[in-house]
file entry-v4.cif (mmCIF, C-alpha atoms and all ligand atoms)
data_target
loop_
_atom_site.label_atom_id
_atom_site.label_comp_id
_atom_site.auth_asym_id
_atom_site.auth_seq_id
_atom_site.Cartn_x
_atom_site.Cartn_y
_atom_site.Cartn_z
CA MET A 1 120.01 -155.52 14.84
CA LYS A 2 121.37 -153.84 17.94
CA ILE A 3 123.98 -151.13 17.56
CA ASN A 4 125.81 -148.71 19.83
CA THR A 5 126.00 -145.27 18.33
CA ASP A 6 127.40 -141.82 19.06
CA LEU A 7 125.83 -139.38 16.62
CA HIS A 8 127.46 -136.11 17.63
CA ILE A 9 131.18 -135.50 17.25
CA HIS A 10 133.29 -132.83 15.56
CA SER A 11 136.05 -133.00 12.98
CA LYS A 12 139.38 -131.24 13.17
CA TYR A 13 137.83 -128.43 11.11
CA SER A 14 135.72 -127.19 14.01
CA SER A 15 137.28 -124.70 16.40
CA GLY A 16 138.70 -126.11 19.59
CA VAL A 17 138.91 -129.62 18.19
CA SER A 18 141.91 -131.95 18.31
CA LYS A 19 143.92 -132.37 15.11
CA LYS A 20 143.59 -136.10 15.76
CA MET A 21 139.94 -136.05 14.74
CA GLU A 22 140.47 -138.02 11.52
CA PHE A 23 138.48 -140.98 10.24
CA LYS A 24 141.29 -143.47 10.69
CA THR A 25 141.71 -142.63 14.37
CA LEU A 26 137.97 -142.46 14.89
CA SER A 27 137.44 -145.90 13.44
CA ILE A 28 140.14 -147.50 15.58
CA GLN A 29 139.15 -145.72 18.78
CA GLY A 30 135.43 -146.12 18.17
CA LYS A 31 135.81 -149.87 17.82
CA LYS A 32 137.72 -150.10 21.10
CA LYS A 33 134.93 -148.15 22.75
CA GLY A 34 132.35 -150.68 21.48
CA ILE A 35 130.67 -148.30 19.06
CA ASP A 36 129.22 -149.55 15.75
CA LEU A 37 128.07 -146.29 14.20
CA LEU A 38 129.52 -142.79 14.56
CA GLY A 39 128.20 -139.53 13.21
CA THR A 40 130.69 -138.04 10.76
CA GLY A 41 130.18 -134.59 12.30
CA ASP A 42 130.84 -131.45 10.26
CA CYS A 43 129.73 -132.98 6.93
CA LEU A 44 128.80 -129.50 5.60
CA HIS A 45 132.48 -128.53 5.70
CA PRO A 46 134.06 -128.95 2.23
CA ARG A 47 137.38 -130.35 3.44
CA TRP A 48 135.76 -132.86 5.79
CA LYS A 49 133.22 -133.75 3.11
CA LYS A 50 136.10 -134.54 0.77
CA LYS A 51 137.44 -137.00 3.36
CA ILE A 52 133.97 -138.54 3.69
CA LYS A 53 133.96 -139.13 -0.06
CA ASP A 54 137.22 -141.07 0.30
CA LEU A 55 135.55 -143.58 2.66
CA ASN A 56 133.83 -146.70 1.40
CA LYS A 57 130.23 -145.90 0.65
CA GLU A 58 127.86 -148.54 1.99
CA ARG A 59 124.61 -146.69 1.43
CA GLU A 60 123.67 -143.14 0.48
CA SER A 61 124.16 -141.97 4.08
CA ILE A 62 126.44 -144.69 5.49
CA PHE A 63 130.21 -144.74 4.99
CA LYS A 64 132.77 -147.17 6.24
CA LYS A 65 136.41 -146.99 7.36
CA LYS A 66 137.86 -150.28 8.54
CA GLU A 67 135.18 -151.76 10.78
CA MET A 68 133.53 -148.47 11.73
CA LYS A 69 130.45 -147.11 10.06
CA PHE A 70 129.69 -143.40 9.82
CA ILE A 71 126.45 -141.59 9.09
CA LEU A 72 126.33 -138.06 7.67
CA THR A 73 125.82 -135.53 10.48
CA SER A 74 126.51 -131.90 11.20
CA GLU A 75 125.80 -129.38 13.91
CA VAL A 76 124.58 -125.92 12.89
CA GLU A 77 124.34 -122.75 15.00
CA THR A 78 121.43 -120.39 14.34
CA LYS A 79 121.43 -116.62 14.87
CA ASP A 80 120.07 -116.98 18.43
CA ARG A 81 123.22 -119.04 19.18
CA VAL A 82 121.26 -122.27 19.59
CA HIS A 83 122.90 -125.48 18.34
CA HIS A 84 121.03 -128.06 16.27
CA LEU A 85 122.01 -131.54 15.09
CA LEU A 86 121.24 -132.72 11.57
CA ILE A 87 121.44 -136.20 10.08
CA PHE A 88 121.50 -136.27 6.27
CA PRO A 89 120.09 -138.89 3.88
CA SER A 90 122.87 -138.47 1.27
CA LEU A 91 125.84 -136.40 0.15
CA SER A 92 123.71 -134.75 -2.53
CA LYS A 93 121.39 -133.51 0.22
CA VAL A 94 124.43 -132.23 2.13
CA LYS A 95 125.37 -130.25 -0.97
CA GLU A 96 121.82 -128.96 -1.37
CA LEU A 97 121.58 -127.68 2.19
CA HIS A 98 125.08 -126.21 2.03
CA GLU A 99 124.00 -124.14 -0.98
CA ARG A 100 120.90 -122.90 0.81
CA LEU A 101 122.68 -122.12 4.08
CA ASN A 102 125.47 -120.36 2.23
CA ARG A 103 123.09 -117.48 1.45
CA PHE A 104 122.66 -116.88 5.17
CA SER A 105 126.26 -116.94 6.29
CA SER A 106 129.14 -114.55 5.74
CA ASN A 107 131.63 -117.40 5.66
CA ILE A 108 129.96 -120.77 5.99
CA ASP A 109 133.16 -122.76 5.51
CA SER A 110 135.19 -120.99 8.20
CA ASP A 111 134.25 -123.61 10.80
CA GLY A 112 133.14 -127.24 10.85
CA ARG A 113 130.07 -126.14 12.77
CA PRO A 114 128.59 -123.41 10.56
CA ARG A 115 126.80 -120.42 11.98
CA VAL A 116 123.89 -119.09 9.93
CA GLU A 117 121.71 -115.99 10.13
CA LEU A 118 118.51 -117.97 10.36
CA SER A 119 116.02 -118.56 13.16
CA GLY A 120 115.50 -122.05 14.53
CA GLU A 121 112.16 -122.10 12.73
CA GLU A 122 113.77 -121.23 9.39
CA LEU A 123 116.46 -123.87 9.83
CA ALA A 124 113.85 -126.46 10.86
CA LEU A 125 111.96 -125.75 7.62
CA MET A 126 115.11 -126.14 5.52
CA ALA A 127 116.03 -129.36 7.31
CA LYS A 128 112.53 -130.68 6.68
CA GLU A 129 112.61 -129.72 3.02
CA THR A 130 116.03 -131.35 2.63
CA GLY A 131 114.75 -134.54 4.25
CA CYS A 132 117.13 -134.39 7.22
CA LEU A 133 116.55 -135.77 10.68
CA PHE A 134 116.73 -132.78 12.97
CA GLY A 135 116.68 -131.75 16.63
CA PRO A 136 118.31 -129.55 19.27
CA SER A 137 121.85 -130.36 20.47
CA HIS A 138 122.65 -130.60 24.21
CA ALA A 139 119.24 -129.02 24.78
CA PHE A 140 119.69 -127.84 28.36
CA THR A 141 123.14 -126.25 28.51
CA PRO A 142 122.98 -122.56 29.40
CA TYR A 143 124.97 -120.98 26.57
CA THR A 144 124.21 -122.43 23.18
CA ALA A 145 121.09 -124.50 23.58
CA LEU A 146 117.35 -124.53 23.13
CA TYR A 147 116.29 -124.37 26.78
CA GLY A 148 119.19 -122.13 27.67
CA LYS A 149 117.63 -119.47 25.44
CA HIS A 150 113.95 -120.41 25.15
CA ASP A 151 111.13 -121.76 27.29
CA SER A 152 109.58 -124.13 24.80
CA LEU A 153 110.08 -125.98 21.56
CA SER A 154 107.64 -123.65 19.83
CA SER A 155 109.53 -120.55 20.93
CA GLU A 156 112.52 -121.90 18.97
CA TYR A 157 110.95 -123.92 16.16
CA GLY A 158 107.59 -122.18 15.74
CA LYS A 159 105.22 -124.06 13.48
CA TYR A 160 107.81 -126.78 12.81
CA SER A 161 108.03 -127.85 16.47
CA LYS A 162 106.11 -130.99 15.58
CA ASP A 163 108.70 -131.83 12.92
CA ILE A 164 111.55 -132.25 15.39
CA HIS A 165 112.75 -135.86 15.38
CA PHE A 166 114.78 -136.04 18.58
CA LEU A 167 116.26 -134.11 21.46
CA GLU A 168 119.88 -134.46 22.50
CA LEU A 169 120.12 -134.44 26.29
CA GLY A 170 123.70 -133.22 26.73
CA LEU A 171 126.12 -134.14 29.48
CA SER A 172 124.30 -132.33 32.30
CA ALA A 173 120.90 -133.96 31.82
CA ASP A 174 119.42 -137.44 31.54
CA SER A 175 115.99 -138.73 30.51
CA SER A 176 114.49 -138.13 33.96
CA TYR A 177 115.34 -134.43 33.67
CA ALA A 178 113.85 -134.02 30.21
CA ASP A 179 110.74 -136.01 31.11
CA LYS A 180 109.78 -133.29 33.60
CA ILE A 181 108.78 -131.26 30.54
CA SER A 182 105.63 -132.76 29.02
CA GLU A 183 106.16 -131.34 25.51
CA LEU A 184 109.17 -133.67 25.20
CA HIS A 185 107.35 -136.88 26.05
CA ASP A 186 106.83 -137.98 22.46
CA LEU A 187 110.42 -137.31 21.39
CA VAL A 188 113.30 -139.75 21.16
CA TYR A 189 116.16 -138.73 23.44
CA LEU A 190 119.74 -138.99 22.26
CA SER A 191 122.80 -139.23 24.46
CA ASN A 192 125.86 -138.34 22.38
CA SER A 193 129.41 -137.37 23.31
CA ASP A 194 129.89 -134.10 21.37
CA ALA A 195 133.53 -135.26 21.37
CA HIS A 196 136.23 -132.77 20.38
CA SER A 197 138.99 -135.39 20.58
CA PRO A 198 139.19 -139.15 19.93
CA PHE A 199 140.53 -140.12 23.36
CA PRO A 200 138.60 -142.91 25.11
CA TYR A 201 137.49 -140.53 27.86
CA ARG A 202 135.89 -138.21 25.27
CA LEU A 203 134.65 -140.22 22.28
CA ALA A 204 131.36 -141.97 23.10
CA ARG A 205 131.48 -140.82 26.71
CA GLU A 206 127.73 -140.83 26.07
CA PHE A 207 126.11 -143.13 23.51
CA ASN A 208 122.84 -144.79 22.51
CA THR A 209 121.92 -148.40 21.92
CA PHE A 210 119.40 -148.74 19.10
CA SER A 211 117.50 -151.71 17.84
CA LEU A 212 117.19 -151.04 14.10
CA HIS A 213 115.54 -153.00 11.35
CA GLU A 214 118.28 -151.76 9.04
CA LEU A 215 121.50 -149.81 9.53
CA SER A 216 120.64 -146.93 7.23
CA PHE A 217 119.23 -143.42 7.24
CA GLU A 218 115.81 -144.96 6.65
CA GLY A 219 116.33 -147.27 9.61
CA LEU A 220 117.00 -144.27 11.86
CA ASN A 221 114.12 -142.35 10.32
CA LYS A 222 111.70 -145.16 11.14
CA LEU A 223 113.03 -145.37 14.68
CA PHE A 224 112.62 -141.63 15.29
CA GLN A 225 109.10 -141.73 13.91
CA GLY A 226 108.19 -144.63 16.19
CA LYS A 227 107.40 -146.89 13.25
CA LYS A 228 110.07 -149.56 13.50
CA GLY A 229 112.98 -150.16 15.86
CA GLU A 230 113.58 -148.58 19.24
CA VAL A 231 116.09 -146.92 21.52
CA VAL A 232 117.11 -149.78 23.80
CA ARG A 233 118.96 -147.56 26.25
CA ASN A 234 120.71 -144.25 26.64
CA VAL A 235 124.10 -144.37 28.31
CA GLY A 236 125.86 -141.38 29.74
CA LEU A 237 127.36 -139.51 32.61
CA PRO A 238 125.36 -139.09 35.78
CA PRO A 239 123.90 -135.58 35.24
CA GLU A 240 125.53 -134.37 38.47
CA GLU A 241 128.84 -134.73 36.65
CA GLY A 242 127.95 -132.19 34.01
CA LYS A 243 129.68 -128.83 34.31
CA TYR A 244 126.41 -126.92 34.44
CA ASN A 245 124.40 -129.28 36.66
CA GLN A 246 123.79 -126.98 39.63
CA SER A 247 123.60 -123.19 39.79
CA ALA A 248 127.07 -121.90 40.60
CA CYS A 249 129.40 -118.95 40.20
CA SER A 250 131.27 -119.03 36.91
CA SER A 251 134.31 -117.38 38.50
CA CYS A 252 134.80 -119.05 41.89
CA TYR A 253 132.44 -122.04 41.45
CA THR A 254 130.54 -121.50 44.70
CA HIS A 255 127.20 -123.32 44.46
CA PHE A 256 123.88 -121.64 45.23
CA SER A 257 120.32 -122.85 45.65
CA PHE A 258 117.90 -121.45 43.10
CA GLU A 259 116.21 -119.26 45.75
CA GLU A 260 119.51 -117.87 46.95
CA ALA A 261 120.70 -117.16 43.44
CA VAL A 262 117.45 -115.26 42.73
CA SER A 263 117.72 -113.26 45.96
CA ARG A 264 121.28 -112.32 45.01
CA ASP A 265 120.15 -111.37 41.51
CA TRP A 266 122.53 -114.06 40.13
CA ARG A 267 125.63 -112.33 41.49
CA CYS A 268 128.18 -114.13 43.63
CA THR A 269 129.93 -112.60 46.66
CA CYS A 270 133.12 -112.57 44.56
CA GLY A 271 131.42 -110.39 41.95
CA GLY A 272 131.16 -113.21 39.40
CA ALA A 273 127.96 -114.20 37.63
CA ILE A 274 126.00 -117.17 38.95
CA LYS A 275 125.18 -119.46 36.03
CA LYS A 276 121.81 -121.14 36.30
CA GLY A 277 122.27 -124.91 36.54
CA VAL A 278 120.53 -127.38 34.28
CA LYS A 279 118.81 -128.92 37.31
CA ASP A 280 117.26 -125.60 38.35
CA ARG A 281 116.44 -124.75 34.75
CA VAL A 282 114.55 -128.04 34.35
CA GLU A 283 112.66 -127.42 37.62
CA GLU A 284 111.68 -124.00 36.31
CA LEU A 285 110.26 -125.51 33.14
CA SER A 286 108.80 -128.62 34.75
CA ASP A 287 105.08 -129.19 34.27
CA THR A 288 104.71 -132.88 35.06
CA ASN A 289 105.94 -135.62 37.37
CA GLU A 290 104.93 -138.41 35.06
CA SER A 291 107.27 -140.17 32.68
CA PRO A 292 106.13 -141.65 29.40
CA LYS A 293 105.74 -145.43 29.60
CA GLU A 294 107.91 -146.04 26.56
CA ARG A 295 111.00 -144.23 27.78
CA PRO A 296 114.04 -146.55 27.62
CA PRO A 297 116.37 -146.85 30.61
CA TYR A 298 119.16 -144.32 31.06
CA ILE A 299 122.34 -146.05 32.24
CA HIS A 300 124.71 -143.81 34.21
CA LEU A 301 128.33 -144.55 33.39
CA ILE A 302 131.56 -142.61 33.03
CA PRO A 303 134.37 -143.55 30.64
CA LEU A 304 136.46 -146.52 31.72
CA GLN A 305 139.70 -144.52 31.84
CA GLU A 306 138.05 -142.14 34.32
CA ILE A 307 137.01 -145.10 36.46
CA ILE A 308 140.50 -146.60 36.34
CA ALA A 309 142.12 -143.26 37.20
CA LYS A 310 139.92 -142.86 40.21
CA ALA A 311 140.41 -146.45 41.34
CA VAL A 312 144.20 -146.22 41.21
CA GLY A 313 144.30 -142.71 42.69
CA HIS A 314 145.47 -140.78 39.62
CA SER A 315 144.07 -137.30 39.05
CA LYS A 316 144.05 -137.60 35.23
CA PRO A 317 142.59 -140.28 32.94
CA ASN A 318 145.54 -140.25 30.54
CA THR A 319 148.47 -141.35 32.68
CA LYS A 320 150.68 -144.19 31.47
CA LYS A 321 149.38 -146.61 34.09
CA VAL A 322 145.73 -145.81 33.39
CA LYS A 323 146.25 -146.30 29.66
CA GLU A 324 148.04 -149.61 30.24
CA LEU A 325 145.28 -151.00 32.44
CA TRP A 326 142.66 -149.79 29.97
CA GLY A 327 144.56 -151.46 27.13
CA SER A 328 144.74 -154.78 29.01
CA LEU A 329 141.01 -154.72 29.72
CA ILE A 330 140.11 -153.92 26.12
CA GLU A 331 142.46 -156.56 24.78
CA SER A 332 141.12 -159.31 27.06
CA ILE A 333 137.43 -158.43 27.13
CA GLY A 334 136.89 -156.91 23.68
CA ASP A 335 135.68 -153.34 24.02
CA GLU A 336 134.78 -150.72 26.60
CA VAL A 337 131.02 -151.27 26.53
CA GLU A 338 131.65 -154.95 27.32
CA VAL A 339 133.94 -154.04 30.23
CA LEU A 340 131.58 -151.45 31.69
CA CYS A 341 128.26 -153.21 31.14
CA ASN A 342 128.63 -156.94 30.68
CA ALA A 343 131.92 -158.57 31.67
CA PRO A 344 132.02 -160.53 34.95
CA VAL A 345 133.40 -158.24 37.67
CA SER A 346 135.76 -161.06 38.65
CA ASP A 347 137.39 -160.80 35.21
CA VAL A 348 137.82 -157.03 35.53
CA LYS A 349 139.39 -157.52 38.96
CA ARG A 350 141.73 -160.21 37.69
CA ILE A 351 142.96 -158.06 34.79
CA ALA A 352 143.02 -154.55 36.29
CA GLY A 353 142.96 -155.10 40.02
CA GLU A 354 140.48 -155.23 42.89
CA GLN A 355 139.80 -151.48 43.05
CA VAL A 356 139.01 -151.08 39.35
CA GLY A 357 136.65 -154.06 39.42
CA LYS A 358 134.94 -152.75 42.53
CA LEU A 359 134.39 -149.31 41.02
CA VAL A 360 133.01 -150.76 37.78
CA LYS A 361 130.54 -152.67 39.94
CA ASP A 362 129.69 -149.55 41.98
CA PHE A 363 128.85 -147.73 38.75
CA ARG A 364 126.70 -150.61 37.55
CA ASP A 365 124.91 -150.58 40.91
CA GLU A 366 124.68 -146.75 40.86
CA THR A 367 126.18 -146.49 44.34
CA VAL A 368 128.87 -143.90 43.54
CA ASP A 369 128.80 -140.58 45.39
CA ILE A 370 129.13 -137.54 43.19
CA ARG A 371 129.70 -133.93 44.08
CA PRO A 372 127.69 -132.08 41.42
CA GLY A 373 129.31 -129.79 38.87
CA GLY A 374 128.28 -126.18 38.22
CA GLY A 375 129.37 -122.80 36.87
CA GLY A 376 131.41 -124.49 34.13
CA ARG A 377 133.27 -126.97 36.31
CA TYR A 378 132.60 -130.69 36.01
CA GLY A 379 131.31 -132.75 38.92
CA LYS A 380 133.60 -134.93 40.98
CA ILE A 381 133.24 -138.42 42.23
CA LEU A 382 134.25 -138.89 45.82
CA ALA A 383 137.43 -140.88 46.17
CA GLU A 384 137.90 -144.21 47.89
CA GLU A 385 138.68 -143.92 51.60
CA LYS A 386 142.30 -144.89 51.03
CA ASN A 387 142.91 -142.10 48.56
CA GLU A 388 141.16 -139.48 50.61
CA SER A 389 144.12 -138.32 52.62
CA LYS A 390 146.31 -137.54 49.64
CA ASN A 391 143.69 -136.38 47.19
CA ASN A 392 140.14 -135.97 48.30
CA GLN A 393 138.48 -135.88 44.91
CA LYS A 394 139.23 -136.82 41.37
CA SER A 395 138.35 -134.34 38.72
CA LEU A 396 136.43 -135.80 35.81
CA THR A 397 135.84 -134.94 32.26
CA ASP A 398 137.07 -131.47 31.41
CA PHE A 399 136.60 -130.77 27.75
ZN ZN B 1 126.97 -127.72 20.25
ZN ZN B 2 132.07 -116.34 42.88
#
call {"tool": "encode", "arguments": {"input": "entry-v4.cif", "output": "structure tokens"}}
result
Amino acid sequence: MKINTDLHIHSKYSSGVSKKMEFKTLSIQGKKKGIDLLGTGDCLHPRWKKKIKDLNKERESIFKKKEMKFILTSEVETKDRVHHLLIFPSLSKVKELHERLNRFSSNIDSDGRPRVELSGEELALMAKETGCLFGPSHAFTPYTALYGKHDSLSSEYGKYSKDIHFLELGLSADSSYADKISELHDLVYLSNSDAHSPFPYRLAREFNTFSLHELSFEGLNKLFQGKKGEVVRNVGLPPEEGKYNQSACSSCYTHFSFEEAVSRDWRCTCGGAIKKGVKDRVEELSDTNESPKERPPYIHLIPLQEIIAKAVGHSKPNTKKVKELWGSLIESIGDEVEVLCNAPVSDVKRIAGEQVGKLVKDFRDETVDIRPGGGGRYGKILAEEKNESKNNQKSLTDF
């Protein structure tokens, strides 16, 4: 079976997350997005876990609310401030790991994403012993990620580097970036949203299409181990859109080449710090130009509400008009994945207008110009000629 899945989201119990992150909303919104399976996020948190228990249990790791299925997932932060994503085989294993992690945290339940005084290697061992699927979250972002802090898998995971099941690319990287690092060639790449709110321009803004022999923890396990099933495609933002794509000042957002940033000792003229971009970071670590033969395609798309906003000349994706057009498209065509990937462009034009249809096509054809993000500010897609005079660029996905 083929499924669309977003395996990394957060519940309302994580800091900085919308109060709307509830299962009911997630199931309704996820369906409209065209997603079949969502990660629960935050399953180590007692209050969120209680809500998981209220869902219909389909299998040990799979829960259901309305038409949406959820699999047990949580993000954990280790003492080096690196984030890791875990997928659990059952609630009893969630309980088991919670008990073990509790000994390494002053207050494990204070946040949906627990922070523990363990190294990546120690956490990898515990994940392995608990039978979890495990890998680094948003691996290339500068602040809280594997390659932001380390130069290799082994520097983070030590002797358990070979036990990592996947690598999450994050919004500022795609498969072509990660494939420049040969130690990643055997890993499955995940493209997840890391959504902090259920809005259609956040939830599943990146997702994966899997072919699974069975929608279960075991099905995913077999896929990650290369035994059965496959990743059909990764879908996500063009990396240039990510807020740390190029090296840029984190105060005034001036962009710098790698060489210039080095010669300035990573200090901007304004006095602010220049944050090394994911693109430069990947170049630094790159040791190959070859991609593995098996790597599935990475489809570059942005959320439909962002596309509509840009097409109609609105600076935000949540205006009344944008939401109305989005609603009409979803109602007529079915879900967002269908609109973005499969529906005839003529249908999109008929329902939402010429400009929206044209921009959907431009994204499918990958002919959209993007001004790269950097320093913490998202990239921008260049506006249509007709909008240029009033508003040269449309800002994209801020968190
Ligand atoms: Zn994270
Ligand atoms: Zn500056």
call {"tool": "residues_near_ligand", "arguments": {"input": "entry-v4.cif", "ligand": "ligand ZN 1 (chain B)", "cutoff": "8 Å", "atoms": "all atoms listed in the file", "output": "list in words"}}
result
Glu75, Val76, Glu77, Val82, His83, His84, Ser137, His138, Thr144, Ala145 and Asp194 of chain A
call {"tool": "residues_around", "arguments": {"input": "entry-v4.cif", "residues": "Leu301 of chain A", "least_positions_apart": "4", "cutoff": "12 Å", "atoms": "only C-alpha atoms", "output": "ChimeraX atom specification"}}
result
/A:171,174,191,201,204-207,234-241,305-307,336-337,339-341,359-368,381
call {"tool": "closest_atom_pairs", "arguments": {"input": "entry-v4.cif", "of": "chain A", "to": "ligand ZN 2 (chain B)", "cutoff": "6 Å", "atoms": "only C-alpha atoms and all ligand atoms", "output": "Markdown table"}}
result
| residue | atom | partner | partner_atom | distance |
| --- | --- | --- | --- | --- |
| A:Cys249 | CA | B:ZN2 | ZN | 4.6 |
| A:Ser251 | CA | B:ZN2 | ZN | 5.0 |
| A:Cys252 | CA | B:ZN2 | ZN | 4.0 |
| A:Tyr253 | CA | B:ZN2 | ZN | 5.9 |
| A:Thr254 | CA | B:ZN2 | ZN | 5.7 |
| A:Cys268 | CA | B:ZN2 | ZN | 4.5 |
| A:Thr269 | CA | B:ZN2 | ZN | 5.7 |
| A:Cys270 | CA | B:ZN2 | ZN | 4.3 |
| A:Gly272 | CA | B:ZN2 | ZN | 4.8 |
call {"tool": "atom_distance", "arguments": {"input": "entry-v4.cif", "atom1": "atom CA of Gly120 of chain A", "atom2": "atom CA of Thr78 of chain A"}}
result
6.2 Å
call {"tool": "residues_around", "arguments": {"input": "entry-v4.cif", "residues": "Glu260 of chain A", "least_positions_apart": "3", "cutoff": "12 Å", "atoms": "all atoms listed in the file", "output": "PyMOL selection string"}}
result
chain A and resi 247-248+254-257+263-269+274+276+280
call {"tool": "write_last_selection", "arguments": {"input": "entry-v4.cif", "atoms": "C-alpha atoms", "output": "PDB file, in the coordinates of the input"}}
result
ATOM      1  CA  SER A 247     123.600-123.190  39.790  1.00  0.00           C
ATOM      2  CA  ALA A 248     127.070-121.900  40.600  1.00  0.00           C
ATOM      3  CA  THR A 254     130.540-121.500  44.700  1.00  0.00           C
ATOM      4  CA  HIS A 255     127.200-123.320  44.460  1.00  0.00           C
ATOM      5  CA  PHE A 256     123.880-121.640  45.230  1.00  0.00           C
ATOM      6  CA  SER A 257     120.320-122.850  45.650  1.00  0.00           C
ATOM      7  CA  SER A 263     117.720-113.260  45.960  1.00  0.00           C
ATOM      8  CA  ARG A 264     121.280-112.320  45.010  1.00  0.00           C
ATOM      9  CA  ASP A 265     120.150-111.370  41.510  1.00  0.00           C
ATOM     10  CA  TRP A 266     122.530-114.060  40.130  1.00  0.00           C
ATOM     11  CA  ARG A 267     125.630-112.330  41.490  1.00  0.00           C
ATOM     12  CA  CYS A 268     128.180-114.130  43.630  1.00  0.00           C
ATOM     13  CA  THR A 269     129.930-112.600  46.660  1.00  0.00           C
ATOM     14  CA  ILE A 274     126.000-117.170  38.950  1.00  0.00           C
ATOM     15  CA  LYS A 276     121.810-121.140  36.300  1.00  0.00           C
ATOM     16  CA  ASP A 280     117.260-125.600  38.350  1.00  0.00           C
TER      17      ASP A 280
END
call {"tool": "residues_around", "arguments": {"input": "entry-v4.cif", "residues": "Gly131 of chain A", "least_positions_apart": "2", "cutoff": "10 Å", "atoms": "only C-alpha atoms", "output": "PyMOL selection string"}}
result
chain A and resi 86-90+93+97+125-129+133-134+221
call {"tool": "write_last_selection", "arguments": {"input": "entry-v4.cif", "atoms": "C-alpha atoms", "output": "PDB file, in the coordinates of the input"}}
result
ATOM      1  CA  LEU A  86     121.240-132.720  11.570  1.00  0.00           C
ATOM      2  CA  ILE A  87     121.440-136.200  10.080  1.00  0.00           C
ATOM      3  CA  PHE A  88     121.500-136.270   6.270  1.00  0.00           C
ATOM      4  CA  PRO A  89     120.090-138.890   3.880  1.00  0.00           C
ATOM      5  CA  SER A  90     122.870-138.470   1.270  1.00  0.00           C
ATOM      6  CA  LYS A  93     121.390-133.510   0.220  1.00  0.00           C
ATOM      7  CA  LEU A  97     121.580-127.680   2.190  1.00  0.00           C
ATOM      8  CA  LEU A 125     111.960-125.750   7.620  1.00  0.00           C
ATOM      9  CA  MET A 126     115.110-126.140   5.520  1.00  0.00           C
ATOM     10  CA  ALA A 127     116.030-129.360   7.310  1.00  0.00           C
ATOM     11  CA  LYS A 128     112.530-130.680   6.680  1.00  0.00           C
ATOM     12  CA  GLU A 129     112.610-129.720   3.020  1.00  0.00           C
ATOM     13  CA  LEU A 133     116.550-135.770  10.680  1.00  0.00           C
ATOM     14  CA  PHE A 134     116.730-132.780  12.970  1.00  0.00           C
ATOM     15  CA  ASN A 221     114.120-142.350  10.320  1.00  0.00           C
TER      16      ASN A 221
END
call {"tool": "closest_residue", "arguments": {"input": "entry-v4.cif", "among": "A:Gln29, A:Ala309, A:Ser193, A:Val278", "to": "Lys323 of chain A", "atoms": "all atoms listed in the file"}}
result
A:Ala309
call {"tool": "residues_around", "arguments": {"input": "entry-v4.cif", "residues": "Arg281 of chain A", "least_positions_apart": "5", "cutoff": "10 Å", "atoms": "only C-alpha atoms", "output": "PyMOL selection string"}}
result
chain A and resi 140-142+147-148+151+177+245-247+258+276+286
call {"tool": "residues_near_point", "arguments": {"input": "entry-v4.cif", "point": "(117.4, -146.5, 18.7)", "cutoff": "8 Å", "atoms": "all atoms listed in the file", "output": "PyMOL selection string"}}
result
chain A and resi 208-212+220+223-224+229-233
call {"tool": "residues_around", "arguments": {"input": "entry-v4.cif", "residues": "Ile52 of chain A", "least_positions_apart": "5", "cutoff": "8 Å", "atoms": "only C-alpha atoms", "output": "PyMOL selection string"}}
result
chain A and resi 40+43+63
call {"tool": "write_last_selection", "arguments": {"input": "entry-v4.cif", "atoms": "C-alpha atoms", "output": "mmCIF file, keeping the file's coordinate frame"}}
result
data_model
loop_
_atom_site.group_PDB
_atom_site.id
_atom_site.type_symbol
_atom_site.label_atom_id
_atom_site.label_comp_id
_atom_site.auth_asym_id
_atom_site.auth_seq_id
_atom_site.Cartn_x
_atom_site.Cartn_y
_atom_site.Cartn_z
ATOM 1 C CA THR A 40 130.690 -138.040 10.760
ATOM 2 C CA CYS A 43 129.730 -132.980 6.930
ATOM 3 C CA PHE A 63 130.210 -144.740 4.990
#
call {"tool": "atom_distance", "arguments": {"input": "entry-v4.cif", "atom1": "atom CA of Val345 of chain A", "atom2": "atom CA of Ser332 of chain A"}}
result
13.2 Å
call {"tool": "decode", "arguments": {"input": "entry-v4.cif", "residues": "segment 80-99 of chain A", "atoms": "C-alpha atoms", "output": "PDB file, in the first residue's frame"}}
result
ATOM      1  CA  ASP A  80      24.683  18.401  23.457  1.00  0.00           C
ATOM      2  CA  ARG A  81      21.388  20.043  22.371  1.00  0.00           C
ATOM      3  CA  VAL A  82      20.969  17.709  19.408  1.00  0.00           C
ATOM      4  CA  HIS A  83      17.414  16.613  18.545  1.00  0.00           C
ATOM      5  CA  HIS A  84      16.515  13.013  17.756  1.00  0.00           C
ATOM      6  CA  LEU A  85      13.302  11.432  16.485  1.00  0.00           C
ATOM      7  CA  LEU A  86      11.998   8.174  17.932  1.00  0.00           C
ATOM      8  CA  ILE A  87       9.242   5.892  16.666  1.00  0.00           C
ATOM      9  CA  PHE A  88       7.926   3.439  19.280  1.00  0.00           C
ATOM     10  CA  PRO A  89       6.574  -0.098  18.809  1.00  0.00           C
ATOM     11  CA  SER A  90       3.978   0.177  21.614  1.00  0.00           C
ATOM     12  CA  LEU A  91       2.738   2.220  24.563  1.00  0.00           C
ATOM     13  CA  SER A  92       4.417  -0.183  26.966  1.00  0.00           C
ATOM     14  CA  LYS A  93       7.746   0.622  25.298  1.00  0.00           C
ATOM     15  CA  VAL A  94       6.948   4.332  25.627  1.00  0.00           C
ATOM     16  CA  LYS A  95       6.477   3.754  29.349  1.00  0.00           C
ATOM     17  CA  GLU A  96       9.703   1.761  29.571  1.00  0.00           C
ATOM     18  CA  LEU A  97      11.806   4.437  27.899  1.00  0.00           C
ATOM     19  CA  HIS A  98      10.127   7.184  29.916  1.00  0.00           C
ATOM     20  CA  GLU A  99      11.201   5.419  33.113  1.00  0.00           C
TER      21      GLU A  99
END
